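Before any comments, here is the structure.
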Amino acid sequence: MDHWDDQQVIAAILGGDVDAYGTLVRRYQKPIFNLMYRMTGSHADALDLSQETFIKAYDKLRLFKTDRKFFPWLYTIGLNHARNFIRHSKSNPVSFSENLEEDARFSMAHGTEDPLSTQIEAHYLEKALQTLPTEYREAVLLHYHEEFSMEEIAEMLQLSVSGAKMRVHRGLGKLREMILGKNDER
Amino acid sequence: MKDRHIEPFIGDPADKPDELDLRIIRGLKQLPDHEPPSTLFPSVMLAIQTRRPSWIKRVTLWAQVPRSITFTPVRWVPAFAAFLVVIILAVAFLSDQRAPENPVSQQNLYPIVFNLTGAEARSVSIIGTFNQWNPKGYEMQWDREKKAWSLVIWLPKGRHEYNFLIDGNRVLPDPEALMKQDDGFGHQNSVLNLREENGQTI
């Protein structure tokens, strides 16, 4: 069943083969888990939200239109679930500036003055992403990391295509401001 | 999902990406993905197993899902040949079963013409040992020229007992039968001994 495409697997699931859902979970658990991790910054929360996303998708599978792609549909469910979690979460998100000293020490430990020229580039980006407002974080991750098209992002975020482009562009601009601002602080 | 078109910048062409922007984009693209915990898969599967629908619901769902059928003619040749053989055998078997109703095809049957004259009746049938005394299918026709009820029946050689059934409720032995025999209930049956040298009309 692993060589089946998503539509064939979904047909089997809707036909009563519950175990076939495992094929979809194996196929998409990594991007969904990483989405959750980048939305929450917590390994434990990402695990819970990923599990709940797959269960929610299973419950809604009959509503899935089989002429569409499954992954964007699943990703949209995950995004909405993560948004709700963040909205209702009582924990205060860690700000980029609050961790400045730690990051600076990390940077210095690697003996570089340019935080984006070394292996800590990813570390800085992860930190910056976690403090980026949710709507911008979603957009830049969807486009630059998951490589969804603007049309797909527009559908997933319920925006016009031009609105999706603007969201991505502004998200990128805010990331840039954060990193430059951080450099200034250093 | 790799190698898809990524738009580095959207908007005013004057807002051209500089080196920092391109590196941010490259950094986003290459963000290391974390491996999901090994507990994720089993926990999801365990959770949905408890949501397994009843078999009635599963059958209903199965019936509602459109399905495609793949037809490969070469693969169907043996099945089609077997189907043809079954059809031929079935036709042969059914023909064999119906054979007695089509005596012309039988070599050892002889056409016997039964006639009944002088009977006032709305309908006349023949009942006898050759049809288990069942009149169905053995209704006689009124012959205007002979002014008689008449029917041709193909019979094998041997001894046959018979009677006429008038209007479906009155039994009448053949007045022209050469032999008659007591039926053990106070009535008589007509007797026909059919041998090869016998005439064909009685």
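Numbering starts fresh at 1 for the residues of each chain in the structure tokens, the chains themselves are lettered A, B, ... in the order given, and ligands are numbered from 1 as they appear.
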
Contacts between chain A and chain B, please, where a residue of chain B counts if it comes within 6 Å (with only C-alpha atoms); show its shortest atom pair and distance in Å to one decimal, rows by chain and ascending number, as a tab-separated table.
residue	atom	partner	partner_atom	distance
B:Leu28	CA	A:His145	CA	5.6
B:Lys29	CA	A:His145	CA	4.4
B:Leu31	CA	A:Ala122	CA	5.9
B:Pro36	CA	A:Lys30	CA	5.6
B:Val44	CA	A:Gln51	CA	5.6
B:Arg58	CA	A:Gly16	CA	4.8
B:Leu61	CA	A:Gly15	CA	5.6
B:Trp62	CA	A:Gly15	CA	3.8

Restricting the output to C-alpha atoms, write the selected residues as a PDB file, in the first residue's frame.
ATOM      1  CA  LEU B  28      14.310  28.878   5.727  1.00  0.00           C
ATOM      2  CA  LYS B  29      14.498  26.354   2.944  1.00  0.00           C
ATOM      3  CA  LEU B  31      15.867  24.566   8.169  1.00  0.00           C
ATOM      4  CA  PRO B  36       8.913  12.922  14.749  1.00  0.00           C
ATOM      5  CA  VAL B  44      -2.440   7.917  16.187  1.00  0.00           C
ATOM      6  CA  ARG B  58     -18.184   0.188   6.811  1.00  0.00           C
ATOM      7  CA  LEU B  61     -19.121   3.601   3.298  1.00  0.00           C
ATOM      8  CA  TRP B  62     -17.582   1.033   0.977  1.00  0.00           C
TER       9      TRP B  62
END

Report task. Write down as a PyMOL selection string the residues belonging to range 16-185 of chain B that are assigned alpha helix (DSSP H) by DSSP computed on the backbone. Result -> chain B and resi 19-29+40-49+55-64+73-98

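Proximity to Phe70 in chain A was assessed for A:His88, A:Arg137, A:Arg27, A:Arg83 counting only C-alpha atoms; the smallest distance is recorded for A:Arg27.
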
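Our summary of the geometry notes that CA of Pro111 in chain B is positioned 4.3 Å from CA of Trp154 in chain B.
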
Requested in this report: Could you jot down the CA of Ile87 in chain B to CA of Thr70 in chain B separation for me, Å, one decimal place?
Outcome: 24.4 Å
